[in-house]
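S.K.: Below is the file run.txt, with compact mmCIF, N, CA and C atoms.
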```txt
# COMPACT_ATOMS: atom_id res chain seq x y z
N ASP A 1 -16.72 -17.15 -4.87
CA ASP A 1 -15.52 -16.65 -5.50
C ASP A 1 -14.43 -16.46 -4.45
N LEU A 2 -13.29 -17.07 -4.68
CA LEU A 2 -12.16 -16.96 -3.78
C LEU A 2 -10.89 -16.90 -4.62
N GLU A 3 -10.10 -15.87 -4.37
CA GLU A 3 -8.82 -15.71 -5.06
C GLU A 3 -7.75 -15.50 -3.99
N VAL A 4 -6.83 -16.45 -3.90
CA VAL A 4 -5.79 -16.41 -2.87
C VAL A 4 -4.45 -16.16 -3.54
N GLY A 5 -3.84 -15.05 -3.19
CA GLY A 5 -2.53 -14.72 -3.74
C GLY A 5 -1.43 -15.50 -3.06
N PRO A 6 -0.24 -15.48 -3.63
CA PRO A 6 0.88 -16.19 -3.02
C PRO A 6 1.41 -15.45 -1.80
N TRP A 7 2.09 -16.17 -0.93
CA TRP A 7 2.77 -15.53 0.19
C TRP A 7 3.99 -14.80 -0.35
N SER A 8 4.24 -13.60 0.14
CA SER A 8 5.45 -12.87 -0.23
C SER A 8 6.15 -12.45 1.06
N GLN A 9 7.45 -12.24 0.94
CA GLN A 9 8.27 -11.87 2.10
C GLN A 9 8.38 -10.36 2.18
N GLU A 10 8.17 -9.78 3.37
CA GLU A 10 8.41 -8.37 3.61
C GLU A 10 9.10 -8.26 4.96
N GLY A 11 10.42 -8.08 4.93
CA GLY A 11 11.19 -8.10 6.17
C GLY A 11 11.08 -9.47 6.79
N LYS A 12 10.69 -9.54 8.06
CA LYS A 12 10.52 -10.83 8.74
C LYS A 12 9.08 -11.31 8.71
N SER A 13 8.24 -10.60 7.94
CA SER A 13 6.82 -10.95 7.84
C SER A 13 6.53 -11.61 6.50
N LYS A 14 5.43 -12.36 6.49
CA LYS A 14 4.89 -12.92 5.26
C LYS A 14 3.56 -12.22 4.99
N LEU A 15 3.31 -11.89 3.72
CA LEU A 15 2.08 -11.21 3.32
C LEU A 15 1.32 -12.03 2.29
N ARG A 16 -0.01 -11.93 2.33
CA ARG A 16 -0.85 -12.59 1.33
C ARG A 16 -2.12 -11.78 1.16
N GLU A 17 -2.55 -11.62 -0.10
CA GLU A 17 -3.81 -10.94 -0.40
C GLU A 17 -4.85 -12.00 -0.76
N VAL A 18 -6.02 -11.87 -0.18
CA VAL A 18 -7.12 -12.79 -0.44
C VAL A 18 -8.33 -11.97 -0.85
N LYS A 19 -8.97 -12.36 -1.95
CA LYS A 19 -10.18 -11.69 -2.42
C LYS A 19 -11.31 -12.70 -2.41
N PHE A 20 -12.49 -12.26 -1.93
CA PHE A 20 -13.62 -13.17 -1.84
C PHE A 20 -14.91 -12.37 -1.80
N VAL A 21 -16.03 -13.07 -1.85
CA VAL A 21 -17.36 -12.46 -1.76
C VAL A 21 -18.01 -12.98 -0.49
N VAL A 22 -18.65 -12.08 0.25
CA VAL A 22 -19.26 -12.45 1.52
C VAL A 22 -20.67 -11.85 1.61
N ALA A 23 -21.56 -12.55 2.30
CA ALA A 23 -22.92 -12.04 2.53
C ALA A 23 -22.84 -10.84 3.47
N VAL A 24 -23.75 -9.90 3.29
CA VAL A 24 -23.77 -8.67 4.07
C VAL A 24 -25.11 -8.58 4.81
N PRO A 25 -25.09 -8.26 6.13
CA PRO A 25 -26.36 -8.02 6.83
C PRO A 25 -27.12 -6.88 6.14
N GLN A 26 -28.40 -7.02 6.03
CA GLN A 26 -29.21 -6.03 5.32
C GLN A 26 -29.49 -4.80 6.17
N LYS A 27 -28.47 -3.92 6.27
CA LYS A 27 -28.59 -2.67 7.00
C LYS A 27 -28.00 -1.56 6.16
N LEU A 28 -28.41 -0.34 6.39
CA LEU A 28 -27.89 0.83 5.67
C LEU A 28 -27.99 0.71 4.16
N GLY A 29 -28.98 -0.03 3.67
CA GLY A 29 -29.15 -0.17 2.23
C GLY A 29 -28.05 -1.00 1.59
N SER A 30 -27.47 -1.92 2.33
CA SER A 30 -26.39 -2.75 1.82
C SER A 30 -26.89 -3.73 0.78
N PRO A 31 -26.02 -4.10 -0.16
CA PRO A 31 -26.38 -5.17 -1.10
C PRO A 31 -26.35 -6.50 -0.36
N PRO A 32 -26.88 -7.56 -0.95
CA PRO A 32 -26.89 -8.86 -0.26
C PRO A 32 -25.49 -9.45 -0.07
N GLN A 33 -24.55 -9.02 -0.89
CA GLN A 33 -23.17 -9.49 -0.76
C GLN A 33 -22.20 -8.41 -1.22
N THR A 34 -20.93 -8.57 -0.84
CA THR A 34 -19.91 -7.60 -1.25
C THR A 34 -18.61 -8.31 -1.56
N ARG A 35 -17.84 -7.72 -2.45
CA ARG A 35 -16.49 -8.19 -2.71
C ARG A 35 -15.58 -7.65 -1.60
N VAL A 36 -14.68 -8.47 -1.12
CA VAL A 36 -13.77 -8.08 -0.04
C VAL A 36 -12.34 -8.36 -0.47
N THR A 37 -11.44 -7.42 -0.18
CA THR A 37 -10.01 -7.65 -0.33
C THR A 37 -9.43 -7.64 1.07
N ASN A 38 -8.72 -8.71 1.40
CA ASN A 38 -8.15 -8.86 2.72
C ASN A 38 -6.65 -9.10 2.57
N VAL A 39 -5.83 -8.31 3.25
CA VAL A 39 -4.38 -8.51 3.24
C VAL A 39 -3.98 -9.03 4.61
N PHE A 40 -3.29 -10.17 4.61
CA PHE A 40 -2.82 -10.79 5.84
C PHE A 40 -1.32 -10.62 5.97
N ARG A 41 -0.87 -10.34 7.17
CA ARG A 41 0.55 -10.28 7.49
C ARG A 41 0.77 -11.19 8.69
N VAL A 42 1.72 -12.12 8.55
CA VAL A 42 2.02 -13.06 9.62
C VAL A 42 3.47 -12.85 10.03
N ALA A 43 3.72 -12.72 11.32
CA ALA A 43 5.07 -12.50 11.82
C ALA A 43 5.27 -13.22 13.14
N HIS A 44 6.51 -13.53 13.41
CA HIS A 44 6.89 -14.13 14.68
C HIS A 44 7.57 -13.04 15.50
N SER A 45 7.05 -12.80 16.69
CA SER A 45 7.58 -11.74 17.54
C SER A 45 8.00 -12.36 18.87
N GLY A 46 9.28 -12.65 19.04
CA GLY A 46 9.70 -13.33 20.27
C GLY A 46 9.13 -14.72 20.29
N VAL A 47 8.27 -15.01 21.25
CA VAL A 47 7.62 -16.32 21.32
C VAL A 47 6.19 -16.28 20.77
N SER A 48 5.74 -15.11 20.34
CA SER A 48 4.37 -14.96 19.85
C SER A 48 4.30 -15.00 18.33
N VAL A 49 3.15 -15.42 17.84
CA VAL A 49 2.82 -15.31 16.42
C VAL A 49 1.77 -14.22 16.32
N VAL A 50 2.00 -13.27 15.41
CA VAL A 50 1.08 -12.15 15.23
C VAL A 50 0.52 -12.21 13.82
N ILE A 51 -0.81 -12.20 13.73
CA ILE A 51 -1.49 -12.21 12.44
C ILE A 51 -2.27 -10.91 12.32
N GLU A 52 -1.87 -10.07 11.38
CA GLU A 52 -2.56 -8.80 11.13
C GLU A 52 -3.40 -8.95 9.87
N SER A 53 -4.56 -8.36 9.89
CA SER A 53 -5.48 -8.44 8.76
C SER A 53 -6.07 -7.06 8.50
N THR A 54 -6.05 -6.64 7.25
CA THR A 54 -6.72 -5.40 6.85
C THR A 54 -7.68 -5.76 5.73
N SER A 55 -8.97 -5.44 5.92
CA SER A 55 -9.94 -5.78 4.89
C SER A 55 -10.75 -4.57 4.46
N GLU A 56 -11.08 -4.59 3.17
CA GLU A 56 -11.90 -3.54 2.58
C GLU A 56 -13.08 -4.19 1.88
N SER A 57 -14.28 -3.70 2.16
CA SER A 57 -15.50 -4.18 1.51
C SER A 57 -15.84 -3.20 0.39
N HIS A 58 -15.87 -3.69 -0.83
CA HIS A 58 -15.95 -2.81 -1.99
C HIS A 58 -17.37 -2.38 -2.38
N ASP A 59 -18.38 -3.14 -2.03
CA ASP A 59 -19.72 -2.87 -2.55
C ASP A 59 -20.72 -2.34 -1.53
N VAL A 60 -20.31 -2.21 -0.28
CA VAL A 60 -21.23 -1.71 0.74
C VAL A 60 -21.22 -0.18 0.73
N PRO A 61 -22.31 0.44 1.19
CA PRO A 61 -22.30 1.90 1.27
C PRO A 61 -21.13 2.38 2.13
N PHE A 62 -20.44 3.38 1.66
CA PHE A 62 -19.28 3.98 2.34
C PHE A 62 -18.10 3.01 2.46
N GLY A 63 -18.11 1.92 1.70
CA GLY A 63 -17.04 0.93 1.76
C GLY A 63 -15.67 1.49 1.45
N SER A 64 -15.61 2.52 0.61
CA SER A 64 -14.31 3.12 0.27
C SER A 64 -13.85 4.11 1.34
N TYR A 65 -14.68 4.35 2.35
CA TYR A 65 -14.35 5.30 3.40
C TYR A 65 -13.53 4.69 4.54
N PHE A 66 -13.51 3.34 4.64
CA PHE A 66 -12.89 2.72 5.82
C PHE A 66 -12.32 1.35 5.50
N SER A 67 -11.45 0.88 6.39
CA SER A 67 -10.97 -0.50 6.36
C SER A 67 -11.06 -1.05 7.78
N VAL A 68 -11.16 -2.36 7.86
CA VAL A 68 -11.22 -3.03 9.16
C VAL A 68 -9.86 -3.66 9.42
N GLN A 69 -9.30 -3.35 10.56
CA GLN A 69 -7.98 -3.87 10.91
C GLN A 69 -8.11 -4.75 12.15
N GLU A 70 -7.56 -5.95 12.04
CA GLU A 70 -7.60 -6.90 13.14
C GLU A 70 -6.19 -7.43 13.40
N VAL A 71 -5.89 -7.64 14.67
CA VAL A 71 -4.61 -8.22 15.07
C VAL A 71 -4.89 -9.37 16.02
N VAL A 72 -4.41 -10.56 15.67
CA VAL A 72 -4.53 -11.73 16.52
C VAL A 72 -3.12 -12.08 16.98
N THR A 73 -2.94 -12.22 18.28
CA THR A 73 -1.65 -12.61 18.85
C THR A 73 -1.83 -13.93 19.57
N ILE A 74 -0.95 -14.87 19.26
CA ILE A 74 -1.00 -16.20 19.88
C ILE A 74 0.35 -16.44 20.54
N ARG A 75 0.32 -16.78 21.83
CA ARG A 75 1.58 -17.01 22.55
C ARG A 75 1.40 -18.17 23.53
N PRO A 76 2.50 -18.87 23.80
CA PRO A 76 2.41 -19.97 24.77
C PRO A 76 2.24 -19.43 26.18
N GLU A 77 1.55 -20.21 26.99
CA GLU A 77 1.44 -19.89 28.41
C GLU A 77 1.21 -21.18 29.16
N GLY A 78 2.14 -21.50 30.04
CA GLY A 78 2.04 -22.76 30.77
C GLY A 78 2.05 -23.92 29.81
N GLU A 79 1.06 -24.79 29.94
CA GLU A 79 0.94 -25.97 29.08
C GLU A 79 0.08 -25.69 27.84
N GLY A 80 -0.43 -24.47 27.71
CA GLY A 80 -1.32 -24.15 26.60
C GLY A 80 -0.89 -22.90 25.86
N ILE A 81 -1.87 -22.24 25.31
CA ILE A 81 -1.63 -20.99 24.59
C ILE A 81 -2.66 -19.95 25.00
N VAL A 82 -2.32 -18.70 24.74
CA VAL A 82 -3.25 -17.60 24.94
C VAL A 82 -3.38 -16.89 23.60
N ALA A 83 -4.60 -16.65 23.19
CA ALA A 83 -4.85 -15.92 21.95
C ALA A 83 -5.65 -14.67 22.29
N SER A 84 -5.23 -13.56 21.71
CA SER A 84 -5.98 -12.32 21.91
C SER A 84 -6.24 -11.69 20.55
N LYS A 85 -7.30 -10.91 20.49
CA LYS A 85 -7.69 -10.28 19.22
C LYS A 85 -8.09 -8.84 19.48
N ALA A 86 -7.56 -7.94 18.65
CA ALA A 86 -7.94 -6.53 18.71
C ALA A 86 -8.50 -6.14 17.35
N THR A 87 -9.52 -5.31 17.36
CA THR A 87 -10.17 -4.88 16.12
C THR A 87 -10.32 -3.37 16.12
N GLY A 88 -10.11 -2.77 14.95
CA GLY A 88 -10.31 -1.34 14.80
C GLY A 88 -10.86 -1.03 13.42
N VAL A 89 -11.50 0.10 13.31
CA VAL A 89 -12.01 0.57 12.03
C VAL A 89 -11.26 1.85 11.70
N HIS A 90 -10.56 1.84 10.59
CA HIS A 90 -9.75 3.00 10.17
C HIS A 90 -10.48 3.74 9.06
N PHE A 91 -10.81 5.00 9.30
CA PHE A 91 -11.52 5.80 8.31
C PHE A 91 -10.53 6.67 7.53
N VAL A 92 -10.68 6.67 6.21
CA VAL A 92 -9.86 7.54 5.35
C VAL A 92 -10.67 8.75 4.89
N ARG A 93 -11.98 8.70 5.09
CA ARG A 93 -12.87 9.83 4.78
C ARG A 93 -13.92 9.93 5.87
N SER A 94 -14.39 11.13 6.10
CA SER A 94 -15.40 11.37 7.11
C SER A 94 -16.79 11.02 6.58
N THR A 95 -17.64 10.53 7.48
CA THR A 95 -19.02 10.25 7.13
C THR A 95 -19.91 10.41 8.36
N MET A 96 -21.15 10.80 8.14
CA MET A 96 -22.10 10.99 9.24
C MET A 96 -22.49 9.66 9.88
N VAL A 97 -22.27 8.55 9.19
CA VAL A 97 -22.67 7.25 9.73
C VAL A 97 -21.47 6.49 10.32
N LYS A 98 -20.41 7.21 10.65
CA LYS A 98 -19.19 6.59 11.19
C LYS A 98 -19.50 5.74 12.42
N SER A 99 -20.27 6.26 13.36
CA SER A 99 -20.53 5.52 14.60
C SER A 99 -21.32 4.23 14.32
N ILE A 100 -22.21 4.28 13.35
CA ILE A 100 -22.98 3.08 13.00
C ILE A 100 -22.05 2.04 12.37
N ILE A 101 -21.20 2.49 11.45
CA ILE A 101 -20.25 1.58 10.81
C ILE A 101 -19.34 0.95 11.86
N GLU A 102 -18.82 1.77 12.77
CA GLU A 102 -17.93 1.25 13.82
C GLU A 102 -18.64 0.22 14.70
N SER A 103 -19.83 0.54 15.18
CA SER A 103 -20.52 -0.36 16.11
C SER A 103 -20.91 -1.67 15.42
N GLU A 104 -21.41 -1.59 14.19
CA GLU A 104 -21.80 -2.81 13.47
C GLU A 104 -20.58 -3.66 13.13
N THR A 105 -19.47 -3.01 12.77
CA THR A 105 -18.24 -3.75 12.44
C THR A 105 -17.68 -4.44 13.67
N ILE A 106 -17.60 -3.72 14.77
CA ILE A 106 -17.06 -4.30 16.01
C ILE A 106 -17.95 -5.45 16.47
N LYS A 107 -19.26 -5.28 16.35
CA LYS A 107 -20.20 -6.34 16.73
C LYS A 107 -19.95 -7.61 15.89
N ALA A 108 -19.82 -7.44 14.58
CA ALA A 108 -19.58 -8.59 13.69
C ALA A 108 -18.23 -9.24 13.99
N CYS A 109 -17.21 -8.43 14.24
CA CYS A 109 -15.88 -8.98 14.56
C CYS A 109 -15.88 -9.70 15.90
N SER A 110 -16.66 -9.22 16.85
CA SER A 110 -16.77 -9.89 18.15
C SER A 110 -17.42 -11.26 18.00
N GLN A 111 -18.44 -11.34 17.16
CA GLN A 111 -19.08 -12.63 16.91
C GLN A 111 -18.10 -13.60 16.26
N LYS A 112 -17.28 -13.08 15.34
CA LYS A 112 -16.26 -13.89 14.69
C LYS A 112 -15.21 -14.35 15.70
N ALA A 113 -14.84 -13.47 16.62
CA ALA A 113 -13.82 -13.80 17.63
C ALA A 113 -14.27 -14.95 18.53
N ALA A 114 -15.57 -15.06 18.74
CA ALA A 114 -16.09 -16.13 19.58
C ALA A 114 -15.81 -17.50 18.97
N LEU A 115 -15.54 -17.54 17.68
CA LEU A 115 -15.24 -18.80 16.99
C LEU A 115 -13.76 -19.17 17.09
N MET A 116 -12.92 -18.26 17.59
CA MET A 116 -11.48 -18.48 17.63
C MET A 116 -11.06 -19.73 18.40
N PRO A 117 -11.57 -19.98 19.62
CA PRO A 117 -11.09 -21.16 20.35
C PRO A 117 -11.27 -22.47 19.57
N ALA A 118 -12.42 -22.64 18.94
CA ALA A 118 -12.66 -23.86 18.16
C ALA A 118 -11.72 -23.93 16.95
N ALA A 119 -11.47 -22.79 16.31
CA ALA A 119 -10.57 -22.77 15.16
C ALA A 119 -9.15 -23.11 15.57
N ILE A 120 -8.70 -22.59 16.70
CA ILE A 120 -7.35 -22.89 17.18
C ILE A 120 -7.25 -24.37 17.56
N GLU A 121 -8.27 -24.89 18.19
CA GLU A 121 -8.25 -26.31 18.55
C GLU A 121 -8.18 -27.18 17.30
N LYS A 122 -8.85 -26.77 16.25
CA LYS A 122 -8.82 -27.52 14.99
C LYS A 122 -7.41 -27.52 14.40
N LEU A 123 -6.66 -26.45 14.59
CA LEU A 123 -5.29 -26.39 14.09
C LEU A 123 -4.39 -27.40 14.80
N ARG A 124 -4.77 -27.82 15.99
CA ARG A 124 -3.98 -28.79 16.73
C ARG A 124 -4.17 -30.21 16.20
N GLU A 125 -5.22 -30.43 15.39
CA GLU A 125 -5.49 -31.76 14.85
C GLU A 125 -4.42 -32.11 13.81
N PRO A 126 -4.06 -33.41 13.69
CA PRO A 126 -3.10 -33.80 12.66
C PRO A 126 -3.63 -33.43 11.28
N ARG A 127 -2.73 -32.93 10.44
CA ARG A 127 -3.14 -32.53 9.09
C ARG A 127 -2.29 -33.25 8.07
N HIS A 128 -2.86 -33.44 6.92
CA HIS A 128 -2.13 -34.06 5.82
C HIS A 128 -1.56 -32.95 4.95
N PRO A 129 -0.31 -33.10 4.48
CA PRO A 129 0.27 -32.05 3.64
C PRO A 129 -0.52 -31.90 2.34
N ALA A 130 -0.45 -30.70 1.76
CA ALA A 130 -1.12 -30.44 0.49
C ALA A 130 -0.55 -31.39 -0.57
N THR A 131 -1.39 -31.81 -1.49
CA THR A 131 -0.95 -32.77 -2.51
C THR A 131 0.06 -32.18 -3.49
N ASP A 132 0.07 -30.85 -3.64
CA ASP A 132 1.03 -30.24 -4.57
C ASP A 132 2.33 -29.84 -3.87
N GLY A 133 2.50 -30.23 -2.61
CA GLY A 133 3.74 -29.93 -1.89
C GLY A 133 3.75 -28.55 -1.26
N SER A 134 2.71 -27.74 -1.47
CA SER A 134 2.69 -26.40 -0.89
C SER A 134 2.06 -26.46 0.49
N SER A 135 2.16 -25.38 1.21
CA SER A 135 1.58 -25.30 2.54
C SER A 135 0.60 -24.15 2.57
N SER A 136 -0.51 -24.34 3.27
CA SER A 136 -1.48 -23.25 3.38
C SER A 136 -1.03 -22.21 4.39
N LEU A 137 -0.12 -22.59 5.30
CA LEU A 137 0.39 -21.66 6.31
C LEU A 137 1.84 -21.34 6.00
N PRO A 138 2.26 -20.10 6.16
CA PRO A 138 3.64 -19.74 5.85
C PRO A 138 4.59 -20.16 6.96
N VAL A 139 5.83 -20.37 6.59
CA VAL A 139 6.88 -20.57 7.57
C VAL A 139 7.42 -19.19 7.89
N VAL A 140 7.35 -18.78 9.14
CA VAL A 140 7.77 -17.44 9.54
C VAL A 140 9.08 -17.57 10.29
N GLU A 141 10.11 -16.88 9.80
CA GLU A 141 11.42 -16.93 10.44
C GLU A 141 11.50 -15.93 11.56
N GLN A 142 12.35 -16.24 12.56
CA GLN A 142 12.54 -15.34 13.69
C GLN A 142 13.52 -14.24 13.33
```
Could you take the file, read its structure, and then write that structure out as structure tokens?

M.R.:
Amino acid sequence: DLEVGPWSQEGKSKLREVKFVVAVPQKLGSPPQTRVTNVFRVAHSGVSVVIESTSESHDVPFGSYFSVQEVVTIRPEGEGIVASKATGVHFVRSTMVKSIIESETIKACSQKAALMPAAIEKLREPRHPATDGSSSLPVVEQ
């Protein structure tokens, strides 16, 4: 299940909400999968592109207690680019398992970050425009 909302303008940023289902590691009595809502914000900051992501997992234990926030910054350097990623867990309610949630989330996000170089390299490959004339990536104004 994948539901991708349209890009909307907010100031100089573009926003999009994406809803999907993802498998969950079997820890803390988690279900085998969970529904996720992810909001993406893309902005151009000087010479950098900044992609912010906030995601909420709806079906995991304590899922309503926290959200995962990630920021990816991509900027030119020399003949190439530099990409950096920061991850945080924002709690809206207190829980005794906060440290476990934080460590497991950061661990999963670190594993995902290891895939970034290959994903960025794939973006450099020639692409064919969408058949309906739309673009999967937003045009971000300075």

S.K.: For a cutoff of 10 Å around the file-coordinate point (-16.8, -5.7, 4.4), which residues qualify once you count only C-alpha atoms? I'd like the result as a list of chain:residue names.

M.R.: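 All residues meeting the 10 Å criterion around (-16.8, -5.7, 4.4) are A:Val21, A:Val22, A:Ala23, A:Val24, A:Gln33, A:Thr34, A:Arg35, A:Val36, A:Thr37, A:Asn38, A:Ser55, A:Glu56, A:Ser57, A:His58, A:Asp59, A:Val60, A:Pro61, A:Gly63, A:Phe66, A:Ser67, A:Val68, A:Thr105.
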
S.K.: Rounded to one decimal place, report the atom C of A:Val47-atom CA of A:Pro76 distance in Å.

M.R.: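 These two atoms are separated by 6.6 Å.
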
S.K.: Please report the interatomic distance between atom CA of A:Glu70 and atom CA of A:Gly29 in Å with one decimal.

M.R.: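 Distance reported for this atom pair: 25.1 Å.
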
S.K.: Kindly assemble as a Markdown table a list of the stretch 16-58 of chain A residues that lie within 10 Å of stretch 82-96 of chain A, each paired with its nearest atom pair and their distance in Å to one decimal, using only C-alpha atoms, sorted first by chain and then by ascending residue number.

M.R.:
```
| residue | atom | partner | partner_atom | distance |
| --- | --- | --- | --- | --- |
| A:Ser48 | CA | A:Ala83 | CA | 9.5 |
| A:Val49 | CA | A:Ala83 | CA | 9.5 |
| A:Val50 | CA | A:Ser84 | CA | 9.7 |
| A:Ile51 | CA | A:Lys85 | CA | 9.4 |
| A:Glu52 | CA | A:Ala86 | CA | 9.6 |
| A:Ser53 | CA | A:Thr87 | CA | 9.4 |
| A:Thr54 | CA | A:Val89 | CA | 9.5 |
| A:Ser55 | CA | A:Val89 | CA | 9.8 |
```

S.K.: Would you give me, as a ChimeraX atom specification, the residues in stretch 9-58 of chain A that DSSP reads as strand (DSSP E or B)?

M.R.: /A:9-10,13-23,33-45,48-57

S.K.: Quick one: residues within 7 Å of A:Lys14, only C-alpha atoms counted, chain neighbours fewer than 2 positions away excluded, as a ChimeraX atom specification?

M.R.: /A:7-10,12,16,41-43,138,140

S.K.: If I take atom CA of A:Phe40 and atom C of A:Glu17, how far is one from the other in Å, to one decimal?

M.R.: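 Separation between atom CA of A:Phe40 and atom C of A:Glu17: 7.0 Å.
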
S.K.: So which one's closest to A:Gly80, A:Ile100, A:Ser13, A:His44, A:Glu121? Using only C-alpha atoms, please.

M.R.: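 That would be A:Glu121, the residue with the smallest distance to A:Gly80.
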
S.K.: As a PDB file with N, CA and C atoms, keeping the file's coordinate frame, please: every residue in stretch 43-123 of chain A that a backbone DSSP assignment puts in alpha helix (DSSP H).

M.R.:
```pdb
ATOM      1  N   LYS A  98     -20.410   7.210  10.650  1.00  0.00           N
ATOM      2  CA  LYS A  98     -19.190   6.590  11.190  1.00  0.00           C
ATOM      3  C   LYS A  98     -19.500   5.740  12.420  1.00  0.00           C
ATOM      4  N   SER A  99     -20.270   6.260  13.360  1.00  0.00           N
ATOM      5  CA  SER A  99     -20.530   5.520  14.600  1.00  0.00           C
ATOM      6  C   SER A  99     -21.320   4.230  14.320  1.00  0.00           C
ATOM      7  N   ILE A 100     -22.210   4.280  13.350  1.00  0.00           N
ATOM      8  CA  ILE A 100     -22.980   3.080  13.000  1.00  0.00           C
ATOM      9  C   ILE A 100     -22.050   2.040  12.370  1.00  0.00           C
ATOM     10  N   ILE A 101     -21.200   2.490  11.450  1.00  0.00           N
ATOM     11  CA  ILE A 101     -20.250   1.580  10.810  1.00  0.00           C
ATOM     12  C   ILE A 101     -19.340   0.950  11.860  1.00  0.00           C
ATOM     13  N   GLU A 102     -18.820   1.770  12.770  1.00  0.00           N
ATOM     14  CA  GLU A 102     -17.930   1.250  13.820  1.00  0.00           C
ATOM     15  C   GLU A 102     -18.640   0.220  14.700  1.00  0.00           C
ATOM     16  N   SER A 103     -19.830   0.540  15.180  1.00  0.00           N
ATOM     17  CA  SER A 103     -20.520  -0.360  16.110  1.00  0.00           C
ATOM     18  C   SER A 103     -20.910  -1.670  15.420  1.00  0.00           C
ATOM     19  N   GLU A 104     -21.410  -1.590  14.190  1.00  0.00           N
ATOM     20  CA  GLU A 104     -21.800  -2.810  13.470  1.00  0.00           C
ATOM     21  C   GLU A 104     -20.580  -3.660  13.130  1.00  0.00           C
ATOM     22  N   THR A 105     -19.470  -3.010  12.770  1.00  0.00           N
ATOM     23  CA  THR A 105     -18.240  -3.750  12.440  1.00  0.00           C
ATOM     24  C   THR A 105     -17.680  -4.440  13.670  1.00  0.00           C
ATOM     25  N   ILE A 106     -17.600  -3.720  14.770  1.00  0.00           N
ATOM     26  CA  ILE A 106     -17.060  -4.300  16.010  1.00  0.00           C
ATOM     27  C   ILE A 106     -17.950  -5.450  16.470  1.00  0.00           C
ATOM     28  N   LYS A 107     -19.260  -5.280  16.350  1.00  0.00           N
ATOM     29  CA  LYS A 107     -20.200  -6.340  16.730  1.00  0.00           C
ATOM     30  C   LYS A 107     -19.950  -7.610  15.890  1.00  0.00           C
ATOM     31  N   ALA A 108     -19.820  -7.440  14.580  1.00  0.00           N
ATOM     32  CA  ALA A 108     -19.580  -8.590  13.690  1.00  0.00           C
ATOM     33  C   ALA A 108     -18.230  -9.240  13.990  1.00  0.00           C
ATOM     34  N   CYS A 109     -17.210  -8.430  14.240  1.00  0.00           N
ATOM     35  CA  CYS A 109     -15.880  -8.980  14.560  1.00  0.00           C
ATOM     36  C   CYS A 109     -15.880  -9.700  15.900  1.00  0.00           C
ATOM     37  N   SER A 110     -16.660  -9.220  16.850  1.00  0.00           N
ATOM     38  CA  SER A 110     -16.770  -9.890  18.150  1.00  0.00           C
ATOM     39  C   SER A 110     -17.420 -11.260  18.000  1.00  0.00           C
ATOM     40  N   GLN A 111     -18.440 -11.340  17.160  1.00  0.00           N
ATOM     41  CA  GLN A 111     -19.080 -12.630  16.910  1.00  0.00           C
ATOM     42  C   GLN A 111     -18.100 -13.600  16.260  1.00  0.00           C
ATOM     43  N   LYS A 112     -17.280 -13.080  15.340  1.00  0.00           N
ATOM     44  CA  LYS A 112     -16.260 -13.890  14.690  1.00  0.00           C
ATOM     45  C   LYS A 112     -15.210 -14.350  15.700  1.00  0.00           C
ATOM     46  N   ALA A 113     -14.840 -13.470  16.620  1.00  0.00           N
ATOM     47  CA  ALA A 113     -13.820 -13.800  17.630  1.00  0.00           C
ATOM     48  C   ALA A 113     -14.270 -14.950  18.530  1.00  0.00           C
ATOM     49  N   MET A 116     -12.920 -18.260  17.590  1.00  0.00           N
ATOM     50  CA  MET A 116     -11.480 -18.480  17.630  1.00  0.00           C
ATOM     51  C   MET A 116     -11.060 -19.730  18.400  1.00  0.00           C
ATOM     52  N   PRO A 117     -11.570 -19.980  19.620  1.00  0.00           N
ATOM     53  CA  PRO A 117     -11.090 -21.160  20.350  1.00  0.00           C
ATOM     54  C   PRO A 117     -11.270 -22.470  19.570  1.00  0.00           C
ATOM     55  N   ALA A 118     -12.420 -22.640  18.940  1.00  0.00           N
ATOM     56  CA  ALA A 118     -12.660 -23.860  18.160  1.00  0.00           C
ATOM     57  C   ALA A 118     -11.720 -23.930  16.950  1.00  0.00           C
ATOM     58  N   ALA A 119     -11.470 -22.790  16.310  1.00  0.00           N
ATOM     59  CA  ALA A 119     -10.570 -22.770  15.160  1.00  0.00           C
ATOM     60  C   ALA A 119      -9.150 -23.110  15.570  1.00  0.00           C
ATOM     61  N   ILE A 120      -8.700 -22.590  16.700  1.00  0.00           N
ATOM     62  CA  ILE A 120      -7.350 -22.890  17.180  1.00  0.00           C
ATOM     63  C   ILE A 120      -7.250 -24.370  17.560  1.00  0.00           C
ATOM     64  N   GLU A 121      -8.270 -24.890  18.190  1.00  0.00           N
ATOM     65  CA  GLU A 121      -8.250 -26.310  18.550  1.00  0.00           C
ATOM     66  C   GLU A 121      -8.180 -27.180  17.300  1.00  0.00           C
ATOM     67  N   LYS A 122      -8.850 -26.770  16.250  1.00  0.00           N
ATOM     68  CA  LYS A 122      -8.820 -27.520  14.990  1.00  0.00           C
ATOM     69  C   LYS A 122      -7.410 -27.520  14.400  1.00  0.00           C
ATOM     70  N   LEU A 123      -6.660 -26.450  14.590  1.00  0.00           N
ATOM     71  CA  LEU A 123      -5.290 -26.390  14.090  1.00  0.00           C
ATOM     72  C   LEU A 123      -4.390 -27.400  14.800  1.00  0.00           C
TER      73      LEU A 123
END
```

S.K.: Of the candidates A:Gln69, A:Ala118, A:Gly5, A:Glu77, which one gets nearest to A:Ile106 if we count only C-alpha atoms?

M.R.: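 Residue with the minimum atom-to-atom distance to A:Ile106: A:Gln69.
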